[in-house]
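J.: Provided herewith: work-v3.pdb, PDB, C-alpha atoms.
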MODEL        1
ATOM      1  CA  MET A 551       7.435 -38.315  40.923  1.00  0.00           C
ATOM      2  CA  ARG A 552       4.155 -37.382  39.226  1.00  0.00           C
ATOM      3  CA  THR A 553       1.078 -39.219  40.414  1.00  0.00           C
ATOM      4  CA  PRO A 554      -1.864 -40.111  38.107  1.00  0.00           C
ATOM      5  CA  THR A 555      -3.836 -37.286  39.755  1.00  0.00           C
ATOM      6  CA  MET A 556      -1.105 -34.745  38.998  1.00  0.00           C
ATOM      7  CA  ILE A 557      -0.923 -35.927  35.381  1.00  0.00           C
ATOM      8  CA  ALA A 558      -4.688 -35.664  35.008  1.00  0.00           C
ATOM      9  CA  VAL A 559      -4.658 -32.126  36.410  1.00  0.00           C
ATOM     10  CA  SER A 560      -1.833 -31.163  34.027  1.00  0.00           C
ATOM     11  CA  ILE A 561      -3.789 -32.479  31.046  1.00  0.00           C
ATOM     12  CA  ILE A 562      -6.857 -30.485  32.098  1.00  0.00           C
ATOM     13  CA  VAL A 563      -4.800 -27.298  32.500  1.00  0.00           C
ATOM     14  CA  VAL A 564      -3.102 -27.696  29.111  1.00  0.00           C
ATOM     15  CA  ALA A 565      -6.409 -28.489  27.416  1.00  0.00           C
ATOM     16  CA  GLY A 566      -7.967 -25.455  29.076  1.00  0.00           C
ATOM     17  CA  LEU A 567      -5.185 -23.179  27.882  1.00  0.00           C
ATOM     18  CA  ALA A 568      -5.487 -24.513  24.355  1.00  0.00           C
ATOM     19  CA  ALA A 569      -9.240 -23.979  24.359  1.00  0.00           C
ATOM     20  CA  ASP A 570      -8.908 -20.460  25.795  1.00  0.00           C
ATOM     21  CA  ASP A 571      -6.275 -19.603  23.206  1.00  0.00           C
ATOM     22  CA  LYS A 572      -8.524 -20.810  20.401  1.00  0.00           C
ATOM     23  CA  THR A 573     -11.528 -19.004  21.833  1.00  0.00           C
ATOM     24  CA  MET A 574      -9.632 -15.733  22.075  1.00  0.00           C
ATOM     25  CA  THR A 575      -8.571 -15.771  18.413  1.00  0.00           C
ATOM     26  CA  ASN A 576     -10.682 -13.539  16.168  1.00  0.00           C
ATOM     27  CA  THR A 577     -13.209 -12.827  18.918  1.00  0.00           C
ATOM     28  CA  LEU A 578     -14.090  -9.896  21.133  1.00  0.00           C
ATOM     29  CA  THR A 579     -14.381  -9.948  24.887  1.00  0.00           C
ATOM     30  CA  ALA A 580     -17.376  -8.376  26.586  1.00  0.00           C
ATOM     31  CA  LYS A 581     -15.152  -5.472  27.653  1.00  0.00           C
ATOM     32  CA  GLU A 582     -13.874  -4.931  24.122  1.00  0.00           C
ATOM     33  CA  LYS A 583     -17.431  -4.810  22.822  1.00  0.00           C
ATOM     34  CA  ALA A 584     -18.385  -2.337  25.531  1.00  0.00           C
ATOM     35  CA  ASP A 585     -15.367  -0.211  24.632  1.00  0.00           C
ATOM     36  CA  GLY A 586     -16.465  -0.001  21.002  1.00  0.00           C
ATOM     37  CA  TRP A 587     -14.182  -2.539  19.359  1.00  0.00           C
ATOM     38  CA  ARG A 588     -15.284  -4.488  16.284  1.00  0.00           C
ATOM     39  CA  LEU A 589     -13.700  -7.299  14.300  1.00  0.00           C
ATOM     40  CA  LEU A 590     -12.357  -6.644  10.813  1.00  0.00           C
ATOM     41  CA  PHE A 591     -11.975 -10.399  10.206  1.00  0.00           C
ATOM     42  CA  ASP A 592     -14.212 -13.179  11.525  1.00  0.00           C
ATOM     43  CA  GLY A 593     -11.595 -15.941  11.244  1.00  0.00           C
ATOM     44  CA  ARG A 594     -13.692 -17.985   8.809  1.00  0.00           C
ATOM     45  CA  THR A 595     -14.443 -15.885   5.722  1.00  0.00           C
ATOM     46  CA  THR A 596     -13.099 -12.899   3.820  1.00  0.00           C
ATOM     47  CA  ALA A 597     -16.300 -10.946   4.476  1.00  0.00           C
ATOM     48  CA  GLY A 598     -15.661  -7.218   4.805  1.00  0.00           C
ATOM     49  CA  TRP A 599     -12.654  -7.260   2.477  1.00  0.00           C
ATOM     50  CA  ARG A 600     -12.108  -6.895  -1.268  1.00  0.00           C
ATOM     51  CA  GLY A 601      -9.330  -6.229  -3.706  1.00  0.00           C
ATOM     52  CA  PHE A 602      -7.990  -2.697  -4.002  1.00  0.00           C
ATOM     53  CA  ARG A 603     -10.101  -0.994  -6.720  1.00  0.00           C
ATOM     54  CA  GLN A 604     -11.962  -4.288  -7.194  1.00  0.00           C
ATOM     55  CA  GLN A 605     -15.383  -5.598  -6.213  1.00  0.00           C
ATOM     56  CA  GLN A 606     -14.264  -9.138  -5.329  1.00  0.00           C
ATOM     57  CA  MET A 607     -11.625 -10.672  -3.108  1.00  0.00           C
ATOM     58  CA  PRO A 608      -8.562 -11.861  -5.087  1.00  0.00           C
ATOM     59  CA  ALA A 609      -8.237 -15.653  -5.079  1.00  0.00           C
ATOM     60  CA  GLY A 610      -4.667 -15.407  -3.802  1.00  0.00           C
ATOM     61  CA  TRP A 611      -5.982 -14.325  -0.389  1.00  0.00           C
ATOM     62  CA  ARG A 612      -7.604 -17.141   1.612  1.00  0.00           C
ATOM     63  CA  VAL A 613      -8.521 -18.041   5.168  1.00  0.00           C
ATOM     64  CA  VAL A 614      -5.972 -20.574   6.435  1.00  0.00           C
ATOM     65  CA  ASP A 615      -6.165 -21.889  10.022  1.00  0.00           C
ATOM     66  CA  GLY A 616      -8.083 -18.840  11.210  1.00  0.00           C
ATOM     67  CA  ALA A 617      -5.836 -16.289   9.504  1.00  0.00           C
ATOM     68  CA  LEU A 618      -6.365 -14.128   6.428  1.00  0.00           C
ATOM     69  CA  THR A 619      -3.412 -15.287   4.364  1.00  0.00           C
ATOM     70  CA  ARG A 620      -1.754 -14.278   1.118  1.00  0.00           C
ATOM     71  CA  VAL A 621      -1.075 -17.702  -0.415  1.00  0.00           C
ATOM     72  CA  ALA A 622      -0.631 -16.909  -4.123  1.00  0.00           C
ATOM     73  CA  ALA A 623      -0.292 -14.007  -6.538  1.00  0.00           C
ATOM     74  CA  ALA A 624      -3.063 -11.523  -5.893  1.00  0.00           C
ATOM     75  CA  THR A 625      -3.311  -7.763  -5.290  1.00  0.00           C
ATOM     76  CA  ASP A 626      -3.486  -5.498  -2.262  1.00  0.00           C
ATOM     77  CA  ILE A 627      -6.764  -5.745  -0.349  1.00  0.00           C
ATOM     78  CA  VAL A 628      -8.844  -3.198   1.562  1.00  0.00           C
ATOM     79  CA  THR A 629     -11.741  -3.094   3.975  1.00  0.00           C
ATOM     80  CA  ASN A 630     -15.208  -2.333   2.668  1.00  0.00           C
ATOM     81  CA  ASP A 631     -15.584   0.277   5.396  1.00  0.00           C
ATOM     82  CA  GLU A 632     -13.709   3.534   5.863  1.00  0.00           C
ATOM     83  CA  PHE A 633     -12.238   4.942   9.069  1.00  0.00           C
ATOM     84  CA  GLY A 634     -10.948   8.336  10.137  1.00  0.00           C
ATOM     85  CA  ASP A 635      -9.570   8.353  13.689  1.00  0.00           C
ATOM     86  CA  PHE A 636      -9.139   4.884  15.141  1.00  0.00           C
ATOM     87  CA  GLU A 637      -7.153   2.357  17.126  1.00  0.00           C
ATOM     88  CA  LEU A 638      -6.291  -0.856  15.271  1.00  0.00           C
ATOM     89  CA  THR A 639      -4.741  -4.073  16.552  1.00  0.00           C
ATOM     90  CA  VAL A 640      -3.509  -6.860  14.263  1.00  0.00           C
ATOM     91  CA  ASP A 641      -1.450 -10.011  14.697  1.00  0.00           C
ATOM     92  CA  TRP A 642       0.751 -10.921  11.735  1.00  0.00           C
ATOM     93  CA  ASN A 643       2.984 -13.827  10.770  1.00  0.00           C
ATOM     94  CA  LEU A 644       5.472 -13.432   7.948  1.00  0.00           C
ATOM     95  CA  ALA A 645       7.469 -15.913   5.880  1.00  0.00           C
ATOM     96  CA  SER A 646      11.259 -15.801   5.998  1.00  0.00           C
ATOM     97  CA  ASN A 647      12.612 -12.973   3.817  1.00  0.00           C
ATOM     98  CA  GLY A 648       9.038 -11.718   3.427  1.00  0.00           C
ATOM     99  CA  ASN A 649       7.636  -8.228   3.043  1.00  0.00           C
ATOM    100  CA  SER A 650       4.153  -6.730   3.490  1.00  0.00           C
ATOM    101  CA  GLY A 651       2.461  -3.783   5.156  1.00  0.00           C
ATOM    102  CA  ILE A 652      -0.625  -2.348   6.803  1.00  0.00           C
ATOM    103  CA  PHE A 653      -1.999   0.842   5.243  1.00  0.00           C
ATOM    104  CA  TYR A 654      -4.496   3.299   6.655  1.00  0.00           C
ATOM    105  CA  ARG A 655      -6.780   6.038   5.304  1.00  0.00           C
ATOM    106  CA  VAL A 656      -6.505   4.310   1.941  1.00  0.00           C
ATOM    107  CA  THR A 657      -8.226   6.067  -0.962  1.00  0.00           C
ATOM    108  CA  GLU A 658      -8.767   4.604  -4.414  1.00  0.00           C
ATOM    109  CA  ASP A 659      -8.205   7.675  -6.558  1.00  0.00           C
ATOM    110  CA  ASP A 660      -4.849   6.300  -7.718  1.00  0.00           C
ATOM    111  CA  ASP A 661      -4.124   2.888  -9.220  1.00  0.00           C
ATOM    112  CA  VAL A 662      -1.425   2.129  -6.594  1.00  0.00           C
ATOM    113  CA  MET A 663      -2.294   1.959  -2.903  1.00  0.00           C
ATOM    114  CA  TRP A 664       1.015   3.238  -1.537  1.00  0.00           C
ATOM    115  CA  HIS A 665       0.797   6.364  -3.673  1.00  0.00           C
ATOM    116  CA  THR A 666      -1.890   7.719  -1.328  1.00  0.00           C
ATOM    117  CA  ALA A 667      -1.762   5.842   1.994  1.00  0.00           C
ATOM    118  CA  PRO A 668       0.816   5.730   4.809  1.00  0.00           C
ATOM    119  CA  GLU A 669       2.235   2.307   5.628  1.00  0.00           C
ATOM    120  CA  TYR A 670       3.042   0.481   8.831  1.00  0.00           C
ATOM    121  CA  GLN A 671       5.933  -1.621   7.567  1.00  0.00           C
ATOM    122  CA  ILE A 672       5.908  -5.418   7.960  1.00  0.00           C
ATOM    123  CA  ILE A 673       9.123  -7.129   6.930  1.00  0.00           C
ATOM    124  CA  ASP A 674      11.707  -9.709   7.917  1.00  0.00           C
ATOM    125  CA  ASN A 675      14.468  -7.443   9.214  1.00  0.00           C
ATOM    126  CA  ALA A 676      16.961  -9.926   7.744  1.00  0.00           C
ATOM    127  CA  TYR A 677      15.468  -9.244   4.296  1.00  0.00           C
ATOM    128  CA  ASN A 678      18.131  -9.671   1.619  1.00  0.00           C
ATOM    129  CA  LYS A 679      16.356  -8.974  -1.683  1.00  0.00           C
ATOM    130  CA  GLU A 680      17.575  -5.378  -1.470  1.00  0.00           C
ATOM    131  CA  PRO A 681      19.376  -3.254   1.140  1.00  0.00           C
ATOM    132  CA  LEU A 682      17.056  -1.854   3.808  1.00  0.00           C
ATOM    133  CA  LYS A 683      17.223   1.666   5.157  1.00  0.00           C
ATOM    134  CA  PRO A 684      16.319   2.177   8.848  1.00  0.00           C
ATOM    135  CA  ALA A 685      12.936   3.599   7.803  1.00  0.00           C
ATOM    136  CA  GLN A 686      12.169   0.339   5.997  1.00  0.00           C
ATOM    137  CA  LEU A 687      12.481  -1.968   9.016  1.00  0.00           C
ATOM    138  CA  ALA A 688       9.530  -3.651  10.719  1.00  0.00           C
ATOM    139  CA  GLY A 689       7.292  -1.188  12.515  1.00  0.00           C
ATOM    140  CA  ALA A 690       8.512   1.831  10.544  1.00  0.00           C
ATOM    141  CA  ASN A 691       6.373   4.526   9.028  1.00  0.00           C
ATOM    142  CA  TYR A 692       7.611   3.283   5.694  1.00  0.00           C
ATOM    143  CA  ASP A 693      10.408   5.365   4.148  1.00  0.00           C
ATOM    144  CA  LEU A 694       9.821   8.251   6.577  1.00  0.00           C
ATOM    145  CA  ASP A 695      10.222   7.279  10.249  1.00  0.00           C
ATOM    146  CA  PRO A 696      12.404   4.381  11.442  1.00  0.00           C
ATOM    147  CA  PRO A 697      11.454   2.293  14.480  1.00  0.00           C
ATOM    148  CA  SER A 698      13.190   3.268  17.703  1.00  0.00           C
ATOM    149  CA  ARG A 699      14.304  -0.353  18.191  1.00  0.00           C
ATOM    150  CA  ASP A 700      13.856  -3.845  16.789  1.00  0.00           C
ATOM    151  CA  ALA A 701      10.849  -5.159  18.714  1.00  0.00           C
ATOM    152  CA  THR A 702      10.104  -8.064  16.373  1.00  0.00           C
ATOM    153  CA  ARG A 703       9.700 -11.659  17.446  1.00  0.00           C
ATOM    154  CA  PRO A 704      11.509 -14.398  15.462  1.00  0.00           C
ATOM    155  CA  ILE A 705      10.236 -15.051  11.943  1.00  0.00           C
ATOM    156  CA  GLY A 706       7.526 -17.703  12.124  1.00  0.00           C
ATOM    157  CA  SER A 707       6.163 -16.210  15.353  1.00  0.00           C
ATOM    158  CA  TRP A 708       3.072 -14.048  15.610  1.00  0.00           C
ATOM    159  CA  ASN A 709       3.807 -10.356  16.044  1.00  0.00           C
ATOM    160  CA  ALA A 710       1.306  -7.900  17.518  1.00  0.00           C
ATOM    161  CA  THR A 711       0.765  -4.510  15.898  1.00  0.00           C
ATOM    162  CA  ARG A 712      -1.147  -1.588  17.385  1.00  0.00           C
ATOM    163  CA  LEU A 713      -1.781   1.480  15.274  1.00  0.00           C
ATOM    164  CA  VAL A 714      -3.292   4.633  16.782  1.00  0.00           C
ATOM    165  CA  VAL A 715      -4.449   7.381  14.406  1.00  0.00           C
ATOM    166  CA  ARG A 716      -6.086  10.506  15.809  1.00  0.00           C
ATOM    167  CA  GLY A 717      -6.195  13.525  13.504  1.00  0.00           C
ATOM    168  CA  PRO A 718      -2.562  14.165  12.543  1.00  0.00           C
ATOM    169  CA  HIS A 719      -1.147  12.141  15.452  1.00  0.00           C
ATOM    170  CA  VAL A 720      -0.012   8.573  14.687  1.00  0.00           C
ATOM    171  CA  GLU A 721       1.602   5.913  16.862  1.00  0.00           C
ATOM    172  CA  HIS A 722       3.096   2.597  15.727  1.00  0.00           C
ATOM    173  CA  TRP A 723       3.334  -0.104  18.390  1.00  0.00           C
ATOM    174  CA  LEU A 724       5.005  -3.485  17.942  1.00  0.00           C
ATOM    175  CA  ASN A 725       4.734  -6.253  20.523  1.00  0.00           C
ATOM    176  CA  GLY A 726       3.855  -3.759  23.239  1.00  0.00           C
ATOM    177  CA  VAL A 727       6.619  -1.283  22.367  1.00  0.00           C
ATOM    178  CA  LYS A 728       5.897   2.150  20.877  1.00  0.00           C
ATOM    179  CA  VAL A 729       8.436   2.198  18.060  1.00  0.00           C
ATOM    180  CA  VAL A 730       7.279   5.223  16.021  1.00  0.00           C
ATOM    181  CA  GLU A 731       5.348   8.425  16.732  1.00  0.00           C
ATOM    182  CA  TYR A 732       4.751  11.235  14.251  1.00  0.00           C
ATOM    183  CA  GLU A 733       2.511  14.132  13.286  1.00  0.00           C
ATOM    184  CA  LEU A 734       1.077  14.112   9.801  1.00  0.00           C
ATOM    185  CA  TRP A 735       1.312  17.396   7.874  1.00  0.00           C
ATOM    186  CA  SER A 736       3.773  18.947  10.341  1.00  0.00           C
ATOM    187  CA  ALA A 737       6.780  20.861   8.998  1.00  0.00           C
ATOM    188  CA  GLY A 738       9.084  17.942   9.806  1.00  0.00           C
ATOM    189  CA  TRP A 739       6.774  15.440   8.165  1.00  0.00           C
ATOM    190  CA  GLU A 740       6.471  17.563   5.031  1.00  0.00           C
ATOM    191  CA  ARG A 741      10.269  17.772   4.828  1.00  0.00           C
ATOM    192  CA  ARG A 742      10.648  13.989   5.164  1.00  0.00           C
ATOM    193  CA  VAL A 743       8.053  13.433   2.435  1.00  0.00           C
ATOM    194  CA  ARG A 744       9.955  15.765   0.087  1.00  0.00           C
ATOM    195  CA  GLU A 745      13.083  13.682   0.701  1.00  0.00           C
ATOM    196  CA  SER A 746      11.328  10.332   0.201  1.00  0.00           C
ATOM    197  CA  LYS A 747       9.938   8.208  -2.636  1.00  0.00           C
ATOM    198  CA  PHE A 748       6.554   9.864  -2.016  1.00  0.00           C
ATOM    199  CA  LYS A 749       7.650  13.302  -3.207  1.00  0.00           C
ATOM    200  CA  ASP A 750       6.125  12.709  -6.649  1.00  0.00           C
ATOM    201  CA  PHE A 751       2.675  11.763  -5.324  1.00  0.00           C
ATOM    202  CA  PRO A 752       0.698  14.851  -4.277  1.00  0.00           C
ATOM    203  CA  ARG A 753      -2.156  12.810  -2.773  1.00  0.00           C
ATOM    204  CA  TYR A 754       0.149  10.878  -0.446  1.00  0.00           C
ATOM    205  CA  ALA A 755      -1.234  10.767   3.136  1.00  0.00           C
ATOM    206  CA  ARG A 756      -3.579  13.722   2.614  1.00  0.00           C
ATOM    207  CA  ALA A 757      -6.845  11.887   3.283  1.00  0.00           C
ATOM    208  CA  ARG A 758      -8.416  12.198   6.720  1.00  0.00           C
ATOM    209  CA  ARG A 759     -10.567   9.136   6.199  1.00  0.00           C
ATOM    210  CA  GLY A 760     -10.155   5.922   4.211  1.00  0.00           C
ATOM    211  CA  ARG A 761      -9.898   2.151   4.226  1.00  0.00           C
ATOM    212  CA  ILE A 762      -7.505  -0.207   6.006  1.00  0.00           C
ATOM    213  CA  GLY A 763      -5.279  -1.974   3.483  1.00  0.00           C
ATOM    214  CA  LEU A 764      -3.088  -5.085   3.506  1.00  0.00           C
ATOM    215  CA  GLN A 765      -0.270  -5.382   1.027  1.00  0.00           C
ATOM    216  CA  ASP A 766       0.493  -8.166  -1.411  1.00  0.00           C
ATOM    217  CA  HIS A 767       4.247  -7.764  -1.849  1.00  0.00           C
ATOM    218  CA  GLY A 768       4.697 -11.207  -3.395  1.00  0.00           C
ATOM    219  CA  ASP A 769       5.324 -13.075  -0.139  1.00  0.00           C
ATOM    220  CA  ARG A 770       3.273 -15.248   2.175  1.00  0.00           C
ATOM    221  CA  VAL A 771       1.874 -13.309   5.117  1.00  0.00           C
ATOM    222  CA  ALA A 772      -0.991 -14.066   7.500  1.00  0.00           C
ATOM    223  CA  PHE A 773      -3.169 -11.764   9.608  1.00  0.00           C
ATOM    224  CA  ARG A 774      -5.517 -12.531  12.487  1.00  0.00           C
ATOM    225  CA  ASN A 775      -7.144 -10.820  15.481  1.00  0.00           C
ATOM    226  CA  MET A 776      -7.829  -7.707  13.401  1.00  0.00           C
ATOM    227  CA  LYS A 777      -9.798  -5.374  15.652  1.00  0.00           C
ATOM    228  CA  ILE A 778     -10.630  -1.697  15.345  1.00  0.00           C
ATOM    229  CA  ARG A 779     -12.429   0.965  17.318  1.00  0.00           C
ATOM    230  CA  GLU A 780     -13.172   4.435  16.108  1.00  0.00           C
ATOM    231  CA  LEU A 781     -11.936   7.299  18.241  1.00  0.00           C
ATOM    232  CA  LYS A 782     -14.331  10.180  18.749  1.00  0.00           C
TER     233      LYS A 782
ENDMDL
END
Turn this file's structure into structure tokens for me.
T.:
Amino acid sequence: MRTPTMIAVSIIVVAGLAADDKTMTNTLTAKEKADGWRLLFDGRTTAGWRGFRQQQMPAGWRVVDGALTRVAAATDIVTNDEFGDFELTVDWNLASNGNSGIFYRVTEDDDVMWHTAPEYQIIDNAYNKEPLKPAQLAGANYDLDPPSRDATRPIGSWNATRLVVRGPHVEHWLNGVKVVEYELWSAGWERRVRESKFKDFPRYARARRGRIGLQDHGDRVAFRNMKIRELK
């Protein structure tokens, strides 16, 4: 039997957890700041972002409940700043049967973002708009390297991505699991590119520095807790 005191304590604990959870969203801890992390999204505005090859933010991207969300037809978006070697963490939430992606070292010398930038694939693995190859599942290095396992949480849940890029070395993490690891410009990588949809794009993944990009693939997707630190 729960006494009034026990109930009161439970309410305080639950309220405290809710407050802590809210406080931790789109913020940096003192340790993260000391370790060189910075926010790419403040949770309130679209500051620091703009449309790919545009000066403004497309209206179809909005801040909804503390998440940068694709809510209507828009275009891909990119950070104002460029990064070379870095560690990036992002939480994402995707609609059922949805598709999106996180791009890195994005350049704007082509009119299509995926022609030049590698993609960390975000997708509902039950996607049925077209058949998916293993290298098109969530967490993949899109069209080149499949994830080692399905580490996704159920659609509607928040998934946690970690992307580590240091020179040619790249790691894709999903919900604490390293699902992909590859070396850009290696013999094996070059072979996989020649066998992929990127074979006709000579600038694909050649840049050593560029912007972070988020894809508008026509579906609702939300991003929060976007944090990055440059690796020296």
J.: Just the residues within 7 Å of segment 622-634 of chain A, please, counting all atoms listed in the file, with nothing from its chain fewer than 5 positions along; format it as a ChimeraX atom specification.
T.: /A:598-602,608-611,655,758-766,768
J.: Next, the residues of the selection above should be written as a CSV table (one decimal), keeping the file's coordinate frame with C-alpha atoms.
T.:
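Listing of out_27.csv after writing:
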chain,number,residue,atom,x,y,z
A,598,GLY,CA,-15.7,-7.2,4.8
A,599,TRP,CA,-12.7,-7.3,2.5
A,600,ARG,CA,-12.1,-6.9,-1.3
A,601,GLY,CA,-9.3,-6.2,-3.7
A,602,PHE,CA,-8.0,-2.7,-4.0
A,608,PRO,CA,-8.6,-11.9,-5.1
A,609,ALA,CA,-8.2,-15.7,-5.1
A,610,GLY,CA,-4.7,-15.4,-3.8
A,611,TRP,CA,-6.0,-14.3,-0.4
A,655,ARG,CA,-6.8,6.0,5.3
A,758,ARG,CA,-8.4,12.2,6.7
A,759,ARG,CA,-10.6,9.1,6.2
A,760,GLY,CA,-10.2,5.9,4.2
A,761,ARG,CA,-9.9,2.2,4.2
A,762,ILE,CA,-7.5,-0.2,6.0
A,763,GLY,CA,-5.3,-2.0,3.5
A,764,LEU,CA,-3.1,-5.1,3.5
A,765,GLN,CA,-0.3,-5.4,1.0
A,766,ASP,CA,0.5,-8.2,-1.4
A,768,GLY,CA,4.7,-11.2,-3.4
J.: Check which residues of segment 583-616 of chain A sit at most 7 Å from segment 576-579 of chain A using only C-alpha atoms, and return one row each with the closest pair of atoms and their distance in Å to one decimal, ordered by chain and rising number, as JSON lines.
T.:
{"residue": "A:Lys583", "atom": "CA", "partner": "A:Leu578", "partner_atom": "CA", "distance": 6.3}
{"residue": "A:Phe591", "atom": "CA", "partner": "A:Asn576", "partner_atom": "CA", "distance": 6.9}
{"residue": "A:Asp592", "atom": "CA", "partner": "A:Asn576", "partner_atom": "CA", "distance": 5.8}
{"residue": "A:Gly593", "atom": "CA", "partner": "A:Asn576", "partner_atom": "CA", "distance": 5.6}
J.: Neighbouring residues of segment 737-746 of chain A were defined as those with any atom within 8 Å, considering all atoms listed in the file; residues of the same chain fewer than 4 positions away were excluded. Please report them as a VMD selection string.
T.: chain A and resid 693 to 694 732 to 733
J.: Atom CA of Pro718 of chain A and atom CA of Glu637 of chain A, how far apart in Å?
T.: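 Distance between the two atoms: 13.5 Å.
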J.: Residues near Glu731 of chain A, anyone? I mean within 9 Å using only C-alpha atoms, not counting same-chain ones fewer than 5 positions away, as a ChimeraX atom specification.
T.: /A:691,695,697,719-723
J.: Keeping only C-alpha atoms, write the selected residues to a file as a compact mmCIF listing (two decimals), in the coordinates of the input.
T.:
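Saved result, out-v7.txt, follows:
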# COMPACT_ATOMS: atom_id res chain seq x y z
CA ASN A 691 6.37 4.53 9.03
CA ASP A 695 10.22 7.28 10.25
CA PRO A 697 11.45 2.29 14.48
CA HIS A 719 -1.15 12.14 15.45
CA VAL A 720 -0.01 8.57 14.69
CA GLU A 721 1.60 5.91 16.86
CA HIS A 722 3.10 2.60 15.73
CA TRP A 723 3.33 -0.10 18.39
J.: Using all atoms listed in the file, which protein or nucleic acid residues come within 10 Å of Arg703 of chain A? Drop anything in the same chain fewer than 6 positions from it, and give the result as a PyMOL selection string.
T.: chain A and resi 643+674+709-710+724-725
J.: Would you mind telling me which residue in A:Phe751, A:Trp735, A:Trp642, A:Tyr670 lies nearest to Trp708 of chain A when using all atoms listed in the file?
T.: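 Answer, going by the shortest atom-to-atom distance: A:Trp642.
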J.: Any idea what the distance is between atom CA of Gly706 of chain A and atom CA of Lys683 of chain A?
T.: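 Atom CA of Lys683 of chain A lies at a distance of 22.8 Å from atom CA of Gly706 of chain A.
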